[in-house]
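Enquirer: What follows is the file work.cif, containing mmCIF, C-alpha atoms:
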```cif
data_final
#
loop_
_atom_site.label_atom_id
_atom_site.label_comp_id
_atom_site.auth_asym_id
_atom_site.auth_seq_id
_atom_site.Cartn_x
_atom_site.Cartn_y
_atom_site.Cartn_z
CA MET A 6 124.39 103.01 144.49
CA LYS A 7 122.44 102.14 141.39
CA LEU A 8 123.80 100.16 138.44
CA ILE A 9 123.11 102.30 135.37
CA ASP A 10 125.26 100.56 132.75
CA LYS A 11 125.31 96.77 133.06
CA LYS A 12 127.74 96.20 130.16
CA TYR A 13 130.49 98.41 131.63
CA ALA A 14 129.39 98.17 135.28
CA VAL A 15 129.00 101.90 135.89
CA TYR A 16 127.19 102.96 139.06
CA LEU A 17 125.34 106.13 139.97
CA LEU A 18 126.48 107.21 143.43
CA ASP A 19 124.06 108.06 146.20
CA ASP A 20 123.79 111.62 147.44
CA ASP A 21 123.35 110.66 151.08
CA ASN A 22 126.25 108.22 151.61
CA PHE A 23 129.82 107.91 150.39
CA ASP A 24 129.92 104.28 149.20
CA PHE A 25 131.81 103.23 146.06
CA PRO A 26 131.85 100.06 143.95
CA SER A 27 134.13 97.32 145.25
CA LEU A 28 136.75 95.60 143.12
CA ASP A 29 134.49 92.67 142.26
CA MET A 30 131.87 95.13 140.96
CA MET A 31 134.24 96.79 138.46
CA LYS A 32 134.70 96.02 134.77
CA ASP A 33 135.99 99.05 132.87
CA ASP A 34 138.10 102.08 133.91
CA LEU A 35 135.04 104.25 134.57
CA VAL A 36 133.33 102.78 137.63
CA ALA A 37 130.90 105.44 138.84
CA ILE A 38 129.35 108.83 138.18
CA GLY A 39 127.60 111.36 140.37
CA GLY A 40 128.08 112.23 144.00
CA ASP A 41 129.82 115.38 145.14
CA PHE A 42 133.19 116.66 146.35
CA HIS A 43 132.61 116.21 150.07
CA PRO A 44 136.08 115.62 151.58
CA GLN A 45 135.04 112.29 153.10
CA ARG A 46 133.70 111.06 149.75
CA ILE A 47 136.97 111.95 148.02
CA LEU A 48 139.00 110.30 150.78
CA ASN A 49 136.85 107.17 150.61
CA ALA A 50 137.41 107.04 146.86
CA TYR A 51 141.20 107.17 147.03
CA GLU A 52 141.30 104.63 149.85
CA ARG A 53 139.39 102.31 147.48
CA GLY A 54 141.62 102.91 144.47
CA ILE A 55 139.24 105.37 142.78
CA PHE A 56 139.69 109.00 141.80
CA PRO A 57 137.56 111.71 140.14
CA TRP A 58 138.72 112.75 136.70
CA TYR A 59 136.25 115.16 135.18
CA ILE A 60 132.72 116.56 135.32
CA ASP A 61 130.49 115.96 132.29
CA ASP A 62 128.01 118.32 130.64
CA TYR A 63 125.25 117.08 132.98
CA ASN A 64 127.36 118.04 136.02
CA TYR A 65 128.11 114.43 136.95
CA ILE A 66 131.53 113.72 138.43
CA HIS A 67 133.17 110.74 136.71
CA TRP A 68 135.08 108.37 139.00
CA PHE A 69 137.81 106.10 137.63
CA SER A 70 139.78 103.06 138.70
CA PRO A 71 142.04 102.16 135.73
CA GLN A 72 142.48 98.50 134.87
CA LYS A 73 146.15 99.36 134.34
CA ARG A 74 147.61 101.65 137.00
CA MET A 75 150.74 103.75 136.46
CA VAL A 76 152.89 103.69 139.61
CA LEU A 77 156.44 104.39 140.74
CA LYS A 78 158.44 103.28 143.75
CA PRO A 79 160.26 106.45 144.90
CA GLN A 80 163.67 104.76 144.83
CA ASP A 81 163.12 103.68 141.21
CA MET A 82 162.91 107.15 139.67
CA LYS A 83 165.19 107.51 136.65
CA VAL A 84 167.34 110.64 136.80
CA SER A 85 168.95 111.48 133.46
CA LYS A 86 172.25 113.32 133.14
CA SER A 87 170.47 116.44 131.92
CA LEU A 88 168.06 116.34 134.86
CA LYS A 89 170.97 115.96 137.29
CA LYS A 90 172.47 119.12 135.79
CA SER A 91 169.16 120.97 136.17
CA ILE A 92 168.87 119.89 139.80
CA ALA A 93 172.41 120.99 140.57
CA ASN A 94 172.92 124.06 138.42
CA LYS A 95 169.72 125.83 137.40
CA GLY A 96 169.11 127.51 140.73
CA PHE A 97 165.71 125.97 141.43
CA VAL A 98 164.39 126.39 144.98
CA ILE A 99 162.00 123.69 146.19
CA LYS A 100 159.27 124.32 148.75
CA SER A 101 156.34 122.29 150.03
CA ASN A 102 152.79 123.51 150.62
CA GLU A 103 153.68 127.20 150.39
CA ASN A 104 151.17 127.97 147.64
CA PHE A 105 148.96 124.97 147.00
CA GLU A 106 146.18 126.80 145.19
CA ALA A 107 148.64 128.46 142.81
CA VAL A 108 150.00 125.02 141.90
CA ILE A 109 146.61 123.50 141.12
CA ARG A 110 145.58 126.58 139.14
CA ALA A 111 148.80 126.40 137.12
CA CYS A 112 148.10 122.70 136.46
CA SER A 113 144.63 123.64 135.22
CA GLU A 114 146.17 125.93 132.60
CA VAL A 115 148.41 123.28 131.04
CA LYS A 116 147.49 122.39 127.47
CA ARG A 117 147.67 118.61 127.10
CA LYS A 118 147.67 116.42 124.02
CA HIS A 119 144.32 114.88 123.04
CA GLU A 120 142.42 117.15 125.48
CA SER A 121 140.46 120.18 124.29
CA SER A 122 139.99 121.52 127.82
CA THR A 123 141.17 120.84 131.35
CA TRP A 124 139.35 118.57 133.81
CA ILE A 125 140.60 120.77 136.65
CA SER A 126 137.54 123.00 136.93
CA GLU A 127 136.78 125.49 139.68
CA GLU A 128 134.94 122.68 141.48
CA PHE A 129 138.12 120.57 141.47
CA ILE A 130 140.25 123.51 142.59
CA GLN A 131 137.96 124.24 145.53
CA ALA A 132 137.64 120.57 146.49
CA TYR A 133 141.38 119.88 146.54
CA THR A 134 142.17 123.18 148.22
CA ASN A 135 139.76 122.09 150.95
CA LEU A 136 141.64 118.79 151.22
CA HIS A 137 144.90 120.72 151.50
CA GLU A 138 143.48 122.71 154.40
CA LEU A 139 142.60 119.36 156.04
CA ASP A 140 146.22 118.15 155.61
CA ILE A 141 145.22 115.50 153.08
CA ALA A 142 146.41 117.16 149.83
CA PHE A 143 149.96 118.47 149.40
CA SER A 144 152.05 120.35 146.87
CA ILE A 145 155.70 120.39 145.85
CA GLU A 146 156.70 123.72 144.32
CA CYS A 147 159.65 124.71 142.17
CA TYR A 148 160.76 128.36 142.20
CA LEU A 149 163.25 130.23 140.08
CA ASN A 150 164.15 133.82 140.96
CA ASP A 151 161.23 133.81 143.43
CA GLU A 152 158.74 132.85 140.68
CA LEU A 153 156.69 129.66 140.81
CA VAL A 154 157.78 127.87 137.63
CA GLY A 155 156.80 124.26 138.26
CA GLY A 156 155.20 121.89 140.68
CA LEU A 157 152.79 119.08 141.42
CA TYR A 158 150.05 118.17 143.87
CA GLY A 159 148.37 115.07 145.19
CA LEU A 160 146.92 113.27 148.20
CA LEU A 161 148.70 111.26 150.85
CA ILE A 162 146.72 108.09 151.54
CA GLY A 163 148.54 106.08 154.20
CA ASP A 164 151.95 105.31 152.72
CA ILE A 165 150.91 106.04 149.11
CA PHE A 166 151.17 109.46 147.48
CA CYS A 167 148.39 109.77 144.91
CA GLY A 168 149.71 112.23 142.35
CA GLU A 169 147.12 114.34 140.57
CA SER A 170 148.85 116.71 138.16
CA MET A 171 152.03 118.66 137.50
CA PHE A 172 153.11 121.69 135.49
CA ALA A 173 156.26 123.41 134.24
CA LYS A 174 156.79 126.91 132.93
CA VAL A 175 160.51 126.35 132.31
CA THR A 176 162.38 123.25 131.17
CA ASP A 177 162.68 120.49 133.78
CA ALA A 178 160.82 122.39 136.51
CA SER A 179 158.16 119.70 136.97
CA LYS A 180 160.78 116.94 136.79
CA VAL A 181 162.82 118.64 139.52
CA ALA A 182 159.66 118.88 141.65
CA PHE A 183 158.96 115.20 141.01
CA TYR A 184 162.56 114.32 141.96
CA HIS A 185 162.15 116.10 145.28
CA LEU A 186 158.81 114.35 145.82
CA CYS A 187 160.60 111.02 145.45
CA GLN A 188 163.36 112.16 147.81
CA GLN A 189 160.84 113.23 150.45
CA ALA A 190 158.85 110.05 149.92
CA GLU A 191 161.88 107.87 150.59
CA LYS A 192 162.75 109.79 153.76
CA ASN A 193 159.19 109.57 155.09
CA GLY A 194 158.44 105.93 154.36
CA ILE A 195 156.10 106.47 151.42
CA LYS A 196 156.32 103.22 149.48
CA LEU A 197 154.55 104.13 146.26
CA ILE A 198 153.63 107.09 144.08
CA ASP A 199 150.36 106.56 142.22
CA CYS A 200 150.58 108.23 138.79
CA GLN A 201 147.11 106.99 137.76
CA VAL A 202 147.38 106.39 134.00
CA TYR A 203 150.16 105.89 131.48
CA ASN A 204 151.92 108.71 129.71
CA ASP A 205 155.34 108.89 128.09
CA HIS A 206 156.59 111.59 130.45
CA LEU A 207 155.97 109.44 133.53
CA ALA A 208 157.42 106.37 131.83
CA SER A 209 160.63 108.29 131.13
CA LEU A 210 160.90 108.96 134.87
CA GLY A 211 160.63 105.27 135.71
CA ALA A 212 156.92 104.78 136.31
CA ALA A 213 155.34 101.55 135.05
CA GLU A 214 151.91 99.98 134.78
CA ILE A 215 150.56 97.33 137.13
CA SER A 216 147.14 95.70 137.13
CA ARG A 217 144.20 97.09 139.07
CA VAL A 218 144.17 93.91 141.14
CA GLU A 219 147.83 94.36 142.05
CA TYR A 220 147.28 97.99 142.98
CA PHE A 221 144.35 97.04 145.18
CA LYS A 222 146.53 94.47 146.93
CA ILE A 223 149.00 97.25 147.71
CA LEU A 224 146.10 99.26 149.14
CA GLY A 225 145.12 96.25 151.20
CA ILE A 226 141.84 95.73 149.32
CA LYS A 227 140.81 92.15 148.61
CA SER A 228 137.42 92.63 146.93
#
```
For this file, produce the structure as structure tokens.
Expert:
Amino acid sequence: MKLIDKKYAVYLLDDDNFDFPSLDMMKDDLVAIGGDFHPQRILNAYERGIFPWYIDDYNYIHWFSPQKRMVLKPQDMKVSKSLKKSIANKGFVIKSNENFEAVIRACSEVKRKHESSTWISEEFIQAYTNLHELDIAFSIECYLNDELVGGLYGLLIGDIFCGESMFAKVTDASKVAFYHLCQQAEKNGIKLIDCQVYNDHLASLGAAEISRVEYFKILGIKS
């Protein structure tokens, strides 16, 4: 690795190894650029509290480790009265890993506030589909009348589910998928869902911010 921005401590990753900056090397949210989407590189990143977010105009992958991390303990999810009704009465059918690529492609089509385009490019889709085929990335899917109407995907790193993105084509579909993720997480001993960065939607479901240092402690990283 080469330090390319001393003020913000941003590193250029090597092409021939999969090292990442350690906690004591980090300053801002953006910690590195470059590298590739080799499965082992991506796995190394998540195990070190880092994730890729987007590719810039120079084709550099940008790797982030937020100073404030949005997380949720599965048992702490807030289920509103309206969501309970949707879970019970709307006829949603939940499946896991039946159509991973369709989920990530649907997530890539979501129009989000303050973003002119999606970060989920074809390179991301291929990379995470590869991880799915290696049993590292997983999807929760919400169907209505046999149509995929909502869902989410992410990586399972030890006992932490690292959520990447979600989508909904009908009201509450992504929330219902998230509810079932939390239910499955509780049953399977997953202690934390990493939601990466703050947004109001996640906060309404019970997620909250912790410090990067605290998140790294949960990962078992000391420095």
Enquirer: As an exercise, work out the distance from CA of Ile165 (chain A) to CA of Trp58 (chain A) in Å and give it to one decimal place.
Expert: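 Interatomic distance here is 18.6 Å.
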Enquirer: If the PyMOL selection byres ((chain A and resi 12-28) around 6) were run on this exact file, what residues would it hold? Put them as a count of residues only.
Expert: 18
Enquirer: For the atom pair CA of Gly156 (chain A) and CA of Phe56 (chain A), what is the interatomic distance in Å to one decimal place?
Expert: 20.2 Å
Enquirer: Pick the closest to Asp140 (chain A) from A:Phe221, A:Phe42, A:Phe69, A:Phe105: which is it, counting all atoms listed in the file?
Expert: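 The closest residue to Asp140 (chain A) is A:Phe105.
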Enquirer: Could you check which of A:Asn64, A:Ala132, A:Ile55, A:Gln72 is closest to Tyr203 (chain A), using only C-alpha atoms?
Expert: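 Nearest to Tyr203 (chain A): A:Gln72.
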